[in-house]
$ cat my_file21.cif   # mmCIF, C-alpha atoms
data_data
#
loop_
_atom_site.group_PDB
_atom_site.id
_atom_site.type_symbol
_atom_site.label_atom_id
_atom_site.label_comp_id
_atom_site.auth_asym_id
_atom_site.auth_seq_id
_atom_site.Cartn_x
_atom_site.Cartn_y
_atom_site.Cartn_z
ATOM 1 C CA MET A 170 42.938 71.774 -35.446
ATOM 2 C CA PRO A 171 46.392 71.942 -37.080
ATOM 3 C CA THR A 172 48.242 75.246 -37.271
ATOM 4 C CA PRO A 173 48.094 76.619 -40.831
ATOM 5 C CA GLU A 174 51.304 76.994 -42.765
ATOM 6 C CA PRO A 175 52.704 80.539 -42.395
ATOM 7 C CA SER A 176 52.379 81.290 -46.106
ATOM 8 C CA SER A 177 48.723 80.233 -46.178
ATOM 9 C CA ARG A 178 47.521 82.368 -43.274
ATOM 10 C CA HIS A 179 49.483 85.578 -43.860
ATOM 11 C CA VAL A 180 48.847 88.040 -46.688
ATOM 12 C CA PRO A 181 51.647 90.661 -46.701
ATOM 13 C CA VAL A 182 50.280 94.193 -46.968
ATOM 14 C CA MET A 183 51.143 96.239 -50.089
ATOM 15 C CA LEU A 184 53.744 93.630 -51.014
ATOM 16 C CA ASP A 185 54.452 94.697 -54.605
ATOM 17 C CA ARG A 186 54.777 98.372 -53.708
ATOM 18 C CA VAL A 187 57.070 97.714 -50.748
ATOM 19 C CA VAL A 188 59.325 95.498 -52.886
ATOM 20 C CA ALA A 189 59.417 98.171 -55.620
ATOM 21 C CA LEU A 190 60.471 100.823 -53.090
ATOM 22 C CA LEU A 191 63.301 98.807 -51.514
ATOM 23 C CA ALA A 192 64.570 96.551 -54.326
ATOM 24 C CA PRO A 193 66.671 99.227 -56.142
ATOM 25 C CA ALA A 194 68.897 99.481 -53.061
ATOM 26 C CA LEU A 195 69.376 95.693 -52.912
ATOM 27 C CA ALA A 196 70.492 94.981 -56.471
ATOM 28 C CA HIS A 197 74.231 94.675 -55.770
ATOM 29 C CA SER A 198 76.483 91.997 -54.355
ATOM 30 C CA GLY A 199 76.659 92.022 -50.571
ATOM 31 C CA ALA A 200 73.473 94.063 -50.107
ATOM 32 C CA VAL A 201 71.991 93.810 -46.612
ATOM 33 C CA LEU A 202 68.267 94.119 -45.904
ATOM 34 C CA VAL A 203 66.841 94.354 -42.399
ATOM 35 C CA ASP A 204 63.247 93.307 -41.837
ATOM 36 C CA ALA A 205 62.796 94.976 -38.465
ATOM 37 C CA THR A 206 59.398 93.345 -37.895
ATOM 38 C CA LEU A 207 59.801 89.913 -39.453
ATOM 39 C CA GLY A 208 56.448 88.460 -38.398
ATOM 40 C CA LEU A 209 55.665 85.429 -40.565
ATOM 41 C CA GLY A 210 58.229 86.487 -43.157
ATOM 42 C CA GLY A 211 55.924 87.310 -46.069
ATOM 43 C CA HIS A 212 57.697 90.501 -47.104
ATOM 44 C CA SER A 213 61.119 88.957 -46.491
ATOM 45 C CA GLU A 214 60.308 85.941 -48.646
ATOM 46 C CA ALA A 215 59.455 88.256 -51.549
ATOM 47 C CA PHE A 216 62.706 90.201 -51.121
ATOM 48 C CA LEU A 217 64.844 87.063 -51.001
ATOM 49 C CA ARG A 218 63.128 85.807 -54.143
ATOM 50 C CA THR A 219 63.347 89.142 -55.995
ATOM 51 C CA CYS A 220 66.832 90.237 -54.868
ATOM 52 C CA PRO A 221 69.125 87.200 -55.240
ATOM 53 C CA GLU A 222 72.250 89.051 -54.055
ATOM 54 C CA ALA A 223 70.726 90.376 -50.844
ATOM 55 C CA HIS A 224 71.243 88.990 -47.342
ATOM 56 C CA LEU A 225 68.355 89.289 -44.896
ATOM 57 C CA ILE A 226 68.588 90.116 -41.209
ATOM 58 C CA GLY A 227 65.166 89.447 -39.717
ATOM 59 C CA LEU A 228 64.294 90.817 -36.288
ATOM 60 C CA ASP A 229 61.286 89.964 -34.174
ATOM 61 C CA ARG A 230 60.481 90.154 -30.470
ATOM 62 C CA ASP A 231 58.126 87.153 -30.753
ATOM 63 C CA PRO A 232 59.955 83.791 -30.536
ATOM 64 C CA GLU A 233 57.037 81.973 -32.178
ATOM 65 C CA ALA A 234 57.118 84.352 -35.145
ATOM 66 C CA LEU A 235 60.839 83.688 -35.569
ATOM 67 C CA ARG A 236 60.229 79.940 -35.553
ATOM 68 C CA LEU A 237 57.473 80.099 -38.159
ATOM 69 C CA ALA A 238 59.352 82.581 -40.339
ATOM 70 C CA GLY A 239 62.393 80.340 -40.186
ATOM 71 C CA GLU A 240 60.325 77.491 -41.617
ATOM 72 C CA ARG A 241 58.992 79.711 -44.377
ATOM 73 C CA LEU A 242 62.420 81.102 -45.290
ATOM 74 C CA ALA A 243 64.242 77.761 -45.075
ATOM 75 C CA PRO A 244 64.940 77.674 -48.853
ATOM 76 C CA TYR A 245 66.958 80.883 -48.382
ATOM 77 C CA ALA A 246 68.695 79.873 -45.151
ATOM 78 C CA GLU A 247 72.173 80.662 -46.526
ATOM 79 C CA ARG A 248 71.122 84.288 -47.055
ATOM 80 C CA THR A 249 69.133 84.689 -43.844
ATOM 81 C CA THR A 250 70.022 85.642 -40.268
ATOM 82 C CA LEU A 251 67.131 85.668 -37.790
ATOM 83 C CA VAL A 252 67.513 87.465 -34.453
ATOM 84 C CA HIS A 253 65.273 87.605 -31.376
ATOM 85 C CA ALA A 254 65.280 91.338 -30.728
ATOM 86 C CA VAL A 255 63.082 94.412 -30.533
ATOM 87 C CA TYR A 256 63.787 96.764 -33.422
ATOM 88 C CA ASP A 257 65.239 99.537 -31.274
ATOM 89 C CA GLU A 258 68.090 97.084 -30.595
ATOM 90 C CA LEU A 259 69.199 97.410 -34.244
ATOM 91 C CA PRO A 260 72.539 99.145 -33.472
ATOM 92 C CA GLN A 261 73.541 96.377 -31.059
ATOM 93 C CA VAL A 262 72.459 93.643 -33.495
ATOM 94 C CA LEU A 263 74.488 95.163 -36.341
ATOM 95 C CA GLU A 264 77.504 95.548 -34.071
ATOM 96 C CA ARG A 265 77.300 91.881 -33.014
ATOM 97 C CA LEU A 266 77.056 90.820 -36.654
ATOM 98 C CA ASP A 267 79.927 93.172 -37.641
ATOM 99 C CA ILE A 268 77.790 94.973 -40.237
ATOM 100 C CA PRO A 269 78.820 98.645 -40.578
ATOM 101 C CA ALA A 270 75.880 99.751 -42.752
ATOM 102 C CA ILE A 271 72.714 98.380 -44.325
ATOM 103 C CA ASP A 272 71.137 98.926 -47.736
ATOM 104 C CA GLY A 273 67.473 98.619 -46.869
ATOM 105 C CA ILE A 274 65.190 98.355 -43.869
ATOM 106 C CA LEU A 275 61.479 97.648 -43.552
ATOM 107 C CA PHE A 276 59.237 98.429 -40.581
ATOM 108 C CA ASP A 277 55.783 96.800 -40.781
ATOM 109 C CA LEU A 278 54.376 98.114 -37.525
ATOM 110 C CA GLY A 279 51.538 97.095 -35.248
ATOM 111 C CA VAL A 280 50.252 93.655 -34.363
ATOM 112 C CA SER A 281 50.933 90.791 -36.772
ATOM 113 C CA SER A 282 48.341 88.595 -38.454
ATOM 114 C CA MET A 283 49.588 85.619 -36.447
ATOM 115 C CA GLN A 284 49.106 87.435 -33.144
ATOM 116 C CA LEU A 285 45.610 88.556 -34.111
ATOM 117 C CA ASP A 286 44.637 85.073 -35.277
ATOM 118 C CA GLU A 287 45.838 83.232 -32.162
ATOM 119 C CA ALA A 288 43.075 83.843 -29.636
ATOM 120 C CA ASP A 289 45.125 82.944 -26.574
ATOM 121 C CA ARG A 290 47.426 85.920 -27.158
ATOM 122 C CA GLY A 291 44.592 88.261 -26.120
ATOM 123 C CA PHE A 292 45.047 90.862 -28.877
ATOM 124 C CA ALA A 293 41.575 90.559 -30.404
ATOM 125 C CA TYR A 294 38.622 92.226 -28.688
ATOM 126 C CA ALA A 295 36.128 89.990 -30.517
ATOM 127 C CA GLN A 296 37.411 86.760 -28.902
ATOM 128 C CA ASP A 297 37.465 85.839 -25.227
ATOM 129 C CA ALA A 298 41.056 85.145 -24.193
ATOM 130 C CA PRO A 299 43.543 85.852 -21.407
ATOM 131 C CA LEU A 300 44.464 89.558 -21.294
ATOM 132 C CA ASP A 301 48.078 89.082 -22.348
ATOM 133 C CA MET A 302 48.932 91.211 -25.449
ATOM 134 C CA ARG A 303 52.697 90.704 -25.142
ATOM 135 C CA MET A 304 54.419 90.520 -28.525
ATOM 136 C CA ASP A 305 57.321 88.902 -26.680
ATOM 137 C CA SER A 306 55.885 86.202 -24.429
ATOM 138 C CA THR A 307 58.988 86.428 -22.214
ATOM 139 C CA ALA A 308 58.296 90.088 -21.312
ATOM 140 C CA PRO A 309 57.166 90.663 -17.713
ATOM 141 C CA THR A 310 54.037 92.849 -18.024
ATOM 142 C CA THR A 311 50.678 91.775 -19.454
ATOM 143 C CA ALA A 312 47.557 93.786 -20.240
ATOM 144 C CA ALA A 313 45.931 92.266 -17.156
ATOM 145 C CA ASP A 314 48.770 93.626 -14.995
ATOM 146 C CA ILE A 315 48.126 97.128 -16.345
ATOM 147 C CA LEU A 316 44.367 96.922 -15.888
ATOM 148 C CA ASN A 317 44.722 95.672 -12.326
ATOM 149 C CA THR A 318 47.464 98.008 -11.077
ATOM 150 C CA TYR A 319 47.421 101.341 -12.945
ATOM 151 C CA SER A 320 45.629 104.282 -11.349
ATOM 152 C CA ALA A 321 42.503 105.665 -12.990
ATOM 153 C CA ALA A 322 44.509 108.698 -14.131
ATOM 154 C CA ASP A 323 47.195 106.556 -15.786
ATOM 155 C CA LEU A 324 44.633 104.297 -17.431
ATOM 156 C CA ALA A 325 42.777 107.336 -18.786
ATOM 157 C CA ARG A 326 46.054 108.778 -20.072
ATOM 158 C CA ILE A 327 47.037 105.707 -22.098
ATOM 159 C CA LEU A 328 43.496 105.234 -23.440
ATOM 160 C CA PHE A 329 43.418 108.854 -24.598
ATOM 161 C CA GLN A 330 46.995 109.106 -25.916
ATOM 162 C CA TYR A 331 47.397 105.671 -27.483
ATOM 163 C CA GLY A 332 43.802 104.830 -28.334
ATOM 164 C CA GLU A 333 42.516 108.352 -29.015
ATOM 165 C CA GLU A 334 39.521 107.307 -26.937
ATOM 166 C CA LYS A 335 37.136 110.222 -26.219
ATOM 167 C CA PHE A 336 35.585 108.427 -23.229
ATOM 168 C CA SER A 337 38.940 107.473 -21.681
ATOM 169 C CA ARG A 338 38.230 108.795 -18.183
ATOM 170 C CA ARG A 339 34.811 107.191 -18.073
ATOM 171 C CA ILE A 340 36.234 103.801 -19.086
ATOM 172 C CA ALA A 341 39.181 104.110 -16.682
ATOM 173 C CA ASP A 342 36.919 104.874 -13.728
ATOM 174 C CA ARG A 343 34.768 101.831 -14.504
ATOM 175 C CA ILE A 344 37.841 99.587 -14.797
ATOM 176 C CA VAL A 345 39.118 100.680 -11.385
ATOM 177 C CA LYS A 346 35.694 100.141 -9.795
ATOM 178 C CA ALA A 347 35.200 96.731 -11.445
ATOM 179 C CA ARG A 348 38.592 95.380 -10.399
ATOM 180 C CA GLU A 349 37.762 96.006 -6.738
ATOM 181 C CA THR A 350 35.248 93.166 -7.030
ATOM 182 C CA GLU A 351 37.356 90.887 -9.219
ATOM 183 C CA PRO A 352 40.690 91.386 -11.028
ATOM 184 C CA PHE A 353 40.613 91.449 -14.829
ATOM 185 C CA THR A 354 41.856 88.253 -16.474
ATOM 186 C CA ASN A 355 39.984 87.840 -19.778
ATOM 187 C CA SER A 356 39.206 90.019 -22.755
ATOM 188 C CA ALA A 357 35.423 89.428 -22.925
ATOM 189 C CA ARG A 358 34.809 91.125 -19.569
ATOM 190 C CA LEU A 359 36.868 94.151 -20.575
ATOM 191 C CA SER A 360 35.204 94.351 -23.979
ATOM 192 C CA GLU A 361 31.754 94.318 -22.374
ATOM 193 C CA LEU A 362 32.739 96.954 -19.791
ATOM 194 C CA VAL A 363 34.022 99.291 -22.529
ATOM 195 C CA ARG A 364 30.888 98.828 -24.620
ATOM 196 C CA ASP A 365 28.688 99.661 -21.633
ATOM 197 C CA ALA A 366 30.805 102.709 -20.725
ATOM 198 C CA ILE A 367 30.450 104.330 -24.144
ATOM 199 C CA PRO A 368 27.158 106.154 -24.770
ATOM 200 C CA GLN A 369 24.856 104.290 -27.126
ATOM 201 C CA ALA A 370 24.861 107.086 -29.710
ATOM 202 C CA ALA A 371 28.674 106.921 -29.930
ATOM 203 C CA ARG A 372 28.608 103.156 -30.529
ATOM 204 C CA ARG A 373 26.853 103.487 -33.879
ATOM 205 C CA THR A 374 29.991 104.483 -35.789
ATOM 206 C CA GLY A 375 33.703 103.695 -35.682
ATOM 207 C CA GLY A 376 33.609 99.919 -35.520
ATOM 208 C CA HIS A 377 33.782 97.836 -32.354
ATOM 209 C CA PRO A 378 33.602 100.116 -29.276
ATOM 210 C CA ALA A 379 36.498 98.298 -27.547
ATOM 211 C CA LYS A 380 38.876 98.622 -30.506
ATOM 212 C CA ARG A 381 40.579 101.794 -29.245
ATOM 213 C CA THR A 382 40.962 100.488 -25.689
ATOM 214 C CA PHE A 383 42.580 97.252 -26.869
ATOM 215 C CA GLN A 384 44.919 99.199 -29.167
ATOM 216 C CA ALA A 385 45.984 101.471 -26.306
ATOM 217 C CA LEU A 386 46.670 98.542 -23.971
ATOM 218 C CA ARG A 387 48.693 96.734 -26.625
ATOM 219 C CA ILE A 388 50.831 99.816 -27.253
ATOM 220 C CA GLU A 389 51.431 100.273 -23.516
ATOM 221 C CA VAL A 390 52.236 96.593 -22.889
ATOM 222 C CA ASN A 391 54.834 96.560 -25.659
ATOM 223 C CA GLY A 392 56.120 100.151 -25.344
ATOM 224 C CA GLU A 393 55.541 100.466 -29.081
ATOM 225 C CA LEU A 394 55.735 104.233 -29.551
ATOM 226 C CA GLU A 395 58.784 104.725 -27.328
ATOM 227 C CA VAL A 396 60.531 101.878 -29.155
ATOM 228 C CA LEU A 397 59.647 103.413 -32.525
ATOM 229 C CA ARG A 398 60.936 106.850 -31.514
ATOM 230 C CA ARG A 399 64.305 105.266 -30.689
ATOM 231 C CA ALA A 400 64.375 102.863 -33.610
ATOM 232 C CA LEU A 401 63.706 105.085 -36.625
ATOM 233 C CA PRO A 402 66.627 107.523 -36.129
ATOM 234 C CA SER A 403 68.932 104.546 -35.510
ATOM 235 C CA ALA A 404 67.702 102.888 -38.703
ATOM 236 C CA VAL A 405 68.317 106.013 -40.777
ATOM 237 C CA ALA A 406 71.788 106.369 -39.242
ATOM 238 C CA ALA A 407 72.583 102.764 -40.218
ATOM 239 C CA LEU A 408 71.722 103.266 -43.907
ATOM 240 C CA ALA A 409 74.547 103.198 -46.402
ATOM 241 C CA LEU A 410 74.656 105.825 -49.151
ATOM 242 C CA HIS A 411 71.640 105.147 -51.428
ATOM 243 C CA GLY A 412 70.185 102.866 -48.756
ATOM 244 C CA ARG A 413 66.398 102.965 -48.385
ATOM 245 C CA ILE A 414 63.897 102.813 -45.530
ATOM 246 C CA VAL A 415 60.198 101.911 -45.724
ATOM 247 C CA VAL A 416 57.817 102.397 -42.784
ATOM 248 C CA MET A 417 54.326 100.866 -42.793
ATOM 249 C CA SER A 418 52.092 102.385 -40.100
ATOM 250 C CA TYR A 419 48.589 101.376 -39.072
ATOM 251 C CA HIS A 420 47.443 104.272 -36.931
ATOM 252 C CA SER A 421 48.039 108.005 -36.795
ATOM 253 C CA LEU A 422 50.457 107.982 -33.851
ATOM 254 C CA GLU A 423 52.909 105.651 -35.589
ATOM 255 C CA ASP A 424 52.557 107.522 -38.866
ATOM 256 C CA ARG A 425 53.226 110.866 -37.176
ATOM 257 C CA ILE A 426 56.521 109.569 -35.761
ATOM 258 C CA ALA A 427 57.531 108.166 -39.159
ATOM 259 C CA LYS A 428 56.589 111.388 -40.946
ATOM 260 C CA GLN A 429 58.531 113.574 -38.501
ATOM 261 C CA THR A 430 61.647 111.371 -38.542
ATOM 262 C CA LEU A 431 61.870 111.147 -42.328
ATOM 263 C CA ALA A 432 60.978 114.810 -42.846
ATOM 264 C CA ALA A 433 63.778 115.858 -40.473
ATOM 265 C CA GLY A 434 66.300 114.234 -42.792
ATOM 266 C CA THR A 435 65.098 116.220 -45.798
ATOM 267 C CA LYS A 436 65.898 119.588 -44.186
ATOM 268 C CA THR A 437 69.199 121.396 -43.828
ATOM 269 C CA ASP A 438 70.556 122.044 -40.365
ATOM 270 C CA VAL A 439 71.667 125.648 -41.082
ATOM 271 C CA PRO A 440 69.725 128.959 -40.934
ATOM 272 C CA ASP A 441 67.351 129.560 -43.830
ATOM 273 C CA ASP A 442 68.956 132.921 -44.728
ATOM 274 C CA LEU A 443 72.378 131.448 -45.567
ATOM 275 C CA PRO A 444 72.951 131.988 -49.320
ATOM 276 C CA VAL A 445 74.961 128.775 -49.677
ATOM 277 C CA ILE A 446 74.552 125.538 -47.752
ATOM 278 C CA PRO A 447 77.997 124.459 -46.478
ATOM 279 C CA ALA A 448 79.211 120.992 -47.526
ATOM 280 C CA GLY A 449 78.048 118.360 -45.107
ATOM 281 C CA HIS A 450 74.926 120.266 -44.105
ATOM 282 C CA GLU A 451 72.727 119.333 -47.050
ATOM 283 C CA PRO A 452 69.668 117.134 -46.466
ATOM 284 C CA TYR A 453 70.666 113.503 -45.975
ATOM 285 C CA LEU A 454 67.335 111.954 -46.987
ATOM 286 C CA LYS A 455 65.186 112.145 -50.109
ATOM 287 C CA LEU A 456 61.537 111.156 -49.785
ATOM 288 C CA LEU A 457 60.418 108.400 -52.183
ATOM 289 C CA THR A 458 56.706 108.739 -51.450
ATOM 290 C CA ARG A 459 54.523 111.819 -51.741
ATOM 291 C CA GLY A 460 52.982 111.932 -48.315
ATOM 292 C CA ALA A 461 51.752 108.564 -47.105
ATOM 293 C CA GLU A 462 50.750 106.023 -49.739
ATOM 294 C CA ARG A 463 47.578 103.987 -49.225
ATOM 295 C CA PRO A 464 46.469 100.577 -50.549
ATOM 296 C CA THR A 465 44.654 100.303 -53.856
ATOM 297 C CA GLU A 466 40.996 99.348 -54.120
ATOM 298 C CA GLU A 467 42.101 95.943 -55.451
ATOM 299 C CA GLU A 468 44.292 95.311 -52.425
ATOM 300 C CA LEU A 469 41.552 96.371 -50.025
ATOM 301 C CA ALA A 470 39.209 93.859 -51.639
ATOM 302 C CA GLU A 471 41.783 91.050 -51.378
ATOM 303 C CA ASN A 472 43.215 91.933 -47.957
ATOM 304 C CA PRO A 473 40.870 93.909 -45.669
ATOM 305 C CA ARG A 474 43.599 94.162 -42.993
ATOM 306 C CA SER A 475 45.435 96.608 -45.267
ATOM 307 C CA ALA A 476 42.691 99.236 -44.833
ATOM 308 C CA SER A 477 44.524 101.430 -42.324
ATOM 309 C CA VAL A 478 48.082 101.151 -43.662
ATOM 310 C CA ARG A 479 50.135 104.226 -44.537
ATOM 311 C CA VAL A 480 53.482 103.741 -46.292
ATOM 312 C CA ARG A 481 56.363 106.220 -46.229
ATOM 313 C CA ALA A 482 59.813 105.718 -47.756
ATOM 314 C CA ALA A 483 63.080 107.599 -48.102
ATOM 315 C CA GLU A 484 66.583 107.170 -49.540
ATOM 316 C CA ARG A 485 69.840 108.259 -47.940
ATOM 317 C CA VAL A 486 71.570 110.755 -50.248
ATOM 318 C CA ARG A 487 74.375 112.037 -48.046
ATOM 319 C CA GLU A 488 76.957 110.329 -45.907
ATOM 320 C CA LYS A 489 79.870 111.923 -44.081
ATOM 321 C CA GLY A 490 79.441 115.259 -45.797
ATOM 322 C CA LEU A 491 79.168 113.860 -49.322
ATOM 323 C CA VAL A 492 76.188 114.393 -51.569
ATOM 324 C CA ALA A 493 75.320 111.733 -54.140
#

$ encode --input "my_file21.cif" --output "C-alpha cells"
Amino acid sequence: MPTPEPSSRHVPVMLDRVVALLAPALAHSGAVLVDATLGLGGHSEAFLRTCPEAHLIGLDRDPEALRLAGERLAPYAERTTLVHAVYDELPQVLERLDIPAIDGILFDLGVSSMQLDEADRGFAYAQDAPLDMRMDSTAPTTAADILNTYSAADLARILFQYGEEKFSRRIADRIVKARETEPFTNSARLSELVRDAIPQAARRTGGHPAKRTFQALRIEVNGELEVLRRALPSAVAALALHGRIVVMSYHSLEDRIAKQTLAAGTKTDVPDDLPVIPAGHEPYLKLLTRGAERPTEEELAENPRSASVRVRAAERVREKGLVA
C-alpha cells in the first residue's frame, strides 16, 4: 500500500489559532521562525504561506519526518532550512546558522501523527508492533530495552511519574516476572499484560488501559520532559524583542513545564516590597493566552487527535534592560 502524501494524512492541530498567535511577530523582512517539532510540516507550511517574508528553521529528531516535510515544503525551499536535531539543541543550531535571535518559535509536543500511524514504530498500543518508540531511529535505547532491563522500582517510577498510572507498581512487578520467561519484543504482549494487571472496575473508564503505560515508556525512551525543561528557557532566551513563543502540550506534565517557564518570565526578579522596579528587572514576557487554550467543538469534530491539546503563548517585551 503506497505511503500517503504528508499533506493528506496530517491534520495540524489548532492551525488557525497558532498562526494567529505567531504571525504578528513574522510580518517583517528577515523574520525567522523556528518550528522546533517540524513533524510533517503542516504548521510550517501555513506559516510560509501566510508570512511571505519569514524564513523557517525546522527541527526534528526523526529523519523520516524531515524527509517528508522537505517534500511538502519544497515550494518554499528558498525560505526553509531543515535540521536533524532535538529541540534542546536550539542554541547550537542557531550558532551554526549564525542567527543571533529569532522572531517566533513553535513547540508542538508529543508523538506525531506519522509516528502514530506507522505501526512498525511501536507507539500505538492498539497495534501489534516491535516495542521501539524512538522518535529518532538512530537513538540507542528502545522501549523493549527499558522493559527488559529496568528494575521493578524504576519501571514503577516512570509509569507513575510519566504515565500517572495508579497501578504502576502492580504493572511493573508483572513485567519483571513475565520477562524472566521471555523478553518483551512486541506491543501486543505488553498491552495484554497491562490490561490484565489493572482491576476490571478500573478498566471501565479512561480509555484503553495500556494508554498510560505506553505514554510513560515513550517519554522515557525519548527523554521528553528533560529535553523540554532545557529547551523552553533556551527558546525564550533566543527570542528577539517582540518575538513570540507558542507551546502546544498534550498531557499535564508537558503543560506544567510550559506554564511554569512562561509564568516565570512574567514576574519581576526583585522583592515585592520595593516601591519601584529598577530598570532591567521588569518582566520580560507578556502572556498572550489566558491560561491554556483548548480546541473548539468544531475542531474536535474534524480532528479528534486535538482533544487533549493545551496551547500557551507569550511575547518577549524586554531585552537587555529595555522595556517595549

$ axis_aligned_box --input "my_file21.cif" --around "region 472-488 of chain A" --padding-each-side "6 Å" --output "AutoDock Vina command-line options"
--center_x 58.9 --center_y 102.0 --center_z -46.3 --size_x 48.1 --size_y 32.1 --size_z 19.9

$ resolve_selection --input "my_file21.cif" --expression "the PyMOL selection byres ((chain A and resi 223-229) around 7)" --output "JSON, numbers by chain"
{"A": [195, 198, 199, 200, 201, 202, 203, 204, 205, 206, 207, 208, 217, 220, 221, 222, 230, 231, 235, 248, 249, 250, 251, 252, 253, 254, 255, 256]}

$ write_last_selection --input "my_file21.cif" --atoms "C-alpha atoms" --output "short mmCIF file (atom, residue, chain, number, x, y, z; two decimals), in the frame of the given file"
data_model
loop_
_atom_site.label_atom_id
_atom_site.label_comp_id
_atom_site.auth_asym_id
_atom_site.auth_seq_id
_atom_site.Cartn_x
_atom_site.Cartn_y
_atom_site.Cartn_z
CA LEU A 195 69.38 95.69 -52.91
CA SER A 198 76.48 92.00 -54.36
CA GLY A 199 76.66 92.02 -50.57
CA ALA A 200 73.47 94.06 -50.11
CA VAL A 201 71.99 93.81 -46.61
CA LEU A 202 68.27 94.12 -45.90
CA VAL A 203 66.84 94.35 -42.40
CA ASP A 204 63.25 93.31 -41.84
CA ALA A 205 62.80 94.98 -38.47
CA THR A 206 59.40 93.34 -37.90
CA LEU A 207 59.80 89.91 -39.45
CA GLY A 208 56.45 88.46 -38.40
CA LEU A 217 64.84 87.06 -51.00
CA CYS A 220 66.83 90.24 -54.87
CA PRO A 221 69.12 87.20 -55.24
CA GLU A 222 72.25 89.05 -54.06
CA ARG A 230 60.48 90.15 -30.47
CA ASP A 231 58.13 87.15 -30.75
CA LEU A 235 60.84 83.69 -35.57
CA ARG A 248 71.12 84.29 -47.06
CA THR A 249 69.13 84.69 -43.84
CA THR A 250 70.02 85.64 -40.27
CA LEU A 251 67.13 85.67 -37.79
CA VAL A 252 67.51 87.46 -34.45
CA HIS A 253 65.27 87.60 -31.38
CA ALA A 254 65.28 91.34 -30.73
CA VAL A 255 63.08 94.41 -30.53
CA TYR A 256 63.79 96.76 -33.42
#

$ residues_near_point --input "my_file21.cif" --point "(47.4, 98.6, -25.1)" --cutoff "12 Å" --atoms "only C-alpha atoms" --output "VMD selection string"
chain A and resid 279 to 280 291 to 294 300 to 304 310 to 316 324 to 334 379 to 394

$ write_last_selection --input "my_file21.cif" --atoms "C-alpha atoms" --output "mmCIF file, in the coordinates of the input"
data_model
loop_
_atom_site.group_PDB
_atom_site.id
_atom_site.type_symbol
_atom_site.label_atom_id
_atom_site.label_comp_id
_atom_site.auth_asym_id
_atom_site.auth_seq_id
_atom_site.Cartn_x
_atom_site.Cartn_y
_atom_site.Cartn_z
ATOM 1 C CA GLY A 279 51.538 97.095 -35.248
ATOM 2 C CA VAL A 280 50.252 93.655 -34.363
ATOM 3 C CA GLY A 291 44.592 88.261 -26.120
ATOM 4 C CA PHE A 292 45.047 90.862 -28.877
ATOM 5 C CA ALA A 293 41.575 90.559 -30.404
ATOM 6 C CA TYR A 294 38.622 92.226 -28.688
ATOM 7 C CA LEU A 300 44.464 89.558 -21.294
ATOM 8 C CA ASP A 301 48.078 89.082 -22.348
ATOM 9 C CA MET A 302 48.932 91.211 -25.449
ATOM 10 C CA ARG A 303 52.697 90.704 -25.142
ATOM 11 C CA MET A 304 54.419 90.520 -28.525
ATOM 12 C CA THR A 310 54.037 92.849 -18.024
ATOM 13 C CA THR A 311 50.678 91.775 -19.454
ATOM 14 C CA ALA A 312 47.557 93.786 -20.240
ATOM 15 C CA ALA A 313 45.931 92.266 -17.156
ATOM 16 C CA ASP A 314 48.770 93.626 -14.995
ATOM 17 C CA ILE A 315 48.126 97.128 -16.345
ATOM 18 C CA LEU A 316 44.367 96.922 -15.888
ATOM 19 C CA LEU A 324 44.633 104.297 -17.431
ATOM 20 C CA ALA A 325 42.777 107.336 -18.786
ATOM 21 C CA ARG A 326 46.054 108.778 -20.072
ATOM 22 C CA ILE A 327 47.037 105.707 -22.098
ATOM 23 C CA LEU A 328 43.496 105.234 -23.440
ATOM 24 C CA PHE A 329 43.418 108.854 -24.598
ATOM 25 C CA GLN A 330 46.995 109.106 -25.916
ATOM 26 C CA TYR A 331 47.397 105.671 -27.483
ATOM 27 C CA GLY A 332 43.802 104.830 -28.334
ATOM 28 C CA GLU A 333 42.516 108.352 -29.015
ATOM 29 C CA GLU A 334 39.521 107.307 -26.937
ATOM 30 C CA ALA A 379 36.498 98.298 -27.547
ATOM 31 C CA LYS A 380 38.876 98.622 -30.506
ATOM 32 C CA ARG A 381 40.579 101.794 -29.245
ATOM 33 C CA THR A 382 40.962 100.488 -25.689
ATOM 34 C CA PHE A 383 42.580 97.252 -26.869
ATOM 35 C CA GLN A 384 44.919 99.199 -29.167
ATOM 36 C CA ALA A 385 45.984 101.471 -26.306
ATOM 37 C CA LEU A 386 46.670 98.542 -23.971
ATOM 38 C CA ARG A 387 48.693 96.734 -26.625
ATOM 39 C CA ILE A 388 50.831 99.816 -27.253
ATOM 40 C CA GLU A 389 51.431 100.273 -23.516
ATOM 41 C CA VAL A 390 52.236 96.593 -22.889
ATOM 42 C CA ASN A 391 54.834 96.560 -25.659
ATOM 43 C CA GLY A 392 56.120 100.151 -25.344
ATOM 44 C CA GLU A 393 55.541 100.466 -29.081
ATOM 45 C CA LEU A 394 55.735 104.233 -29.551
#

$ resolve_selection --input "my_file21.cif" --expression "the PyMOL selection byres ((chain A and resi 186-191) around 10)" --output "ChimeraX atom specification"
/A:181-185,192-196,202,212-213,215-216,219-220,272-275,412-417,457-458,462,464,480-484

$ closest_residue --input "my_file21.cif" --among "A:Arg459, A:Arg339, A:Arg373, A:Arg479" --to "Leu422 (chain A)" --atoms "only C-alpha atoms"
A:Arg479

$ residues_around --input "my_file21.cif" --residues "Pro269 (chain A)" --least-positions-apart "2" --cutoff "10 Å" --atoms "all atoms listed in the file" --output "list of chain:residue names"
A:Pro260, A:Leu263, A:Glu264, A:Leu266, A:Asp267, A:Ile271, A:Ala407, A:Leu408, A:Ala409
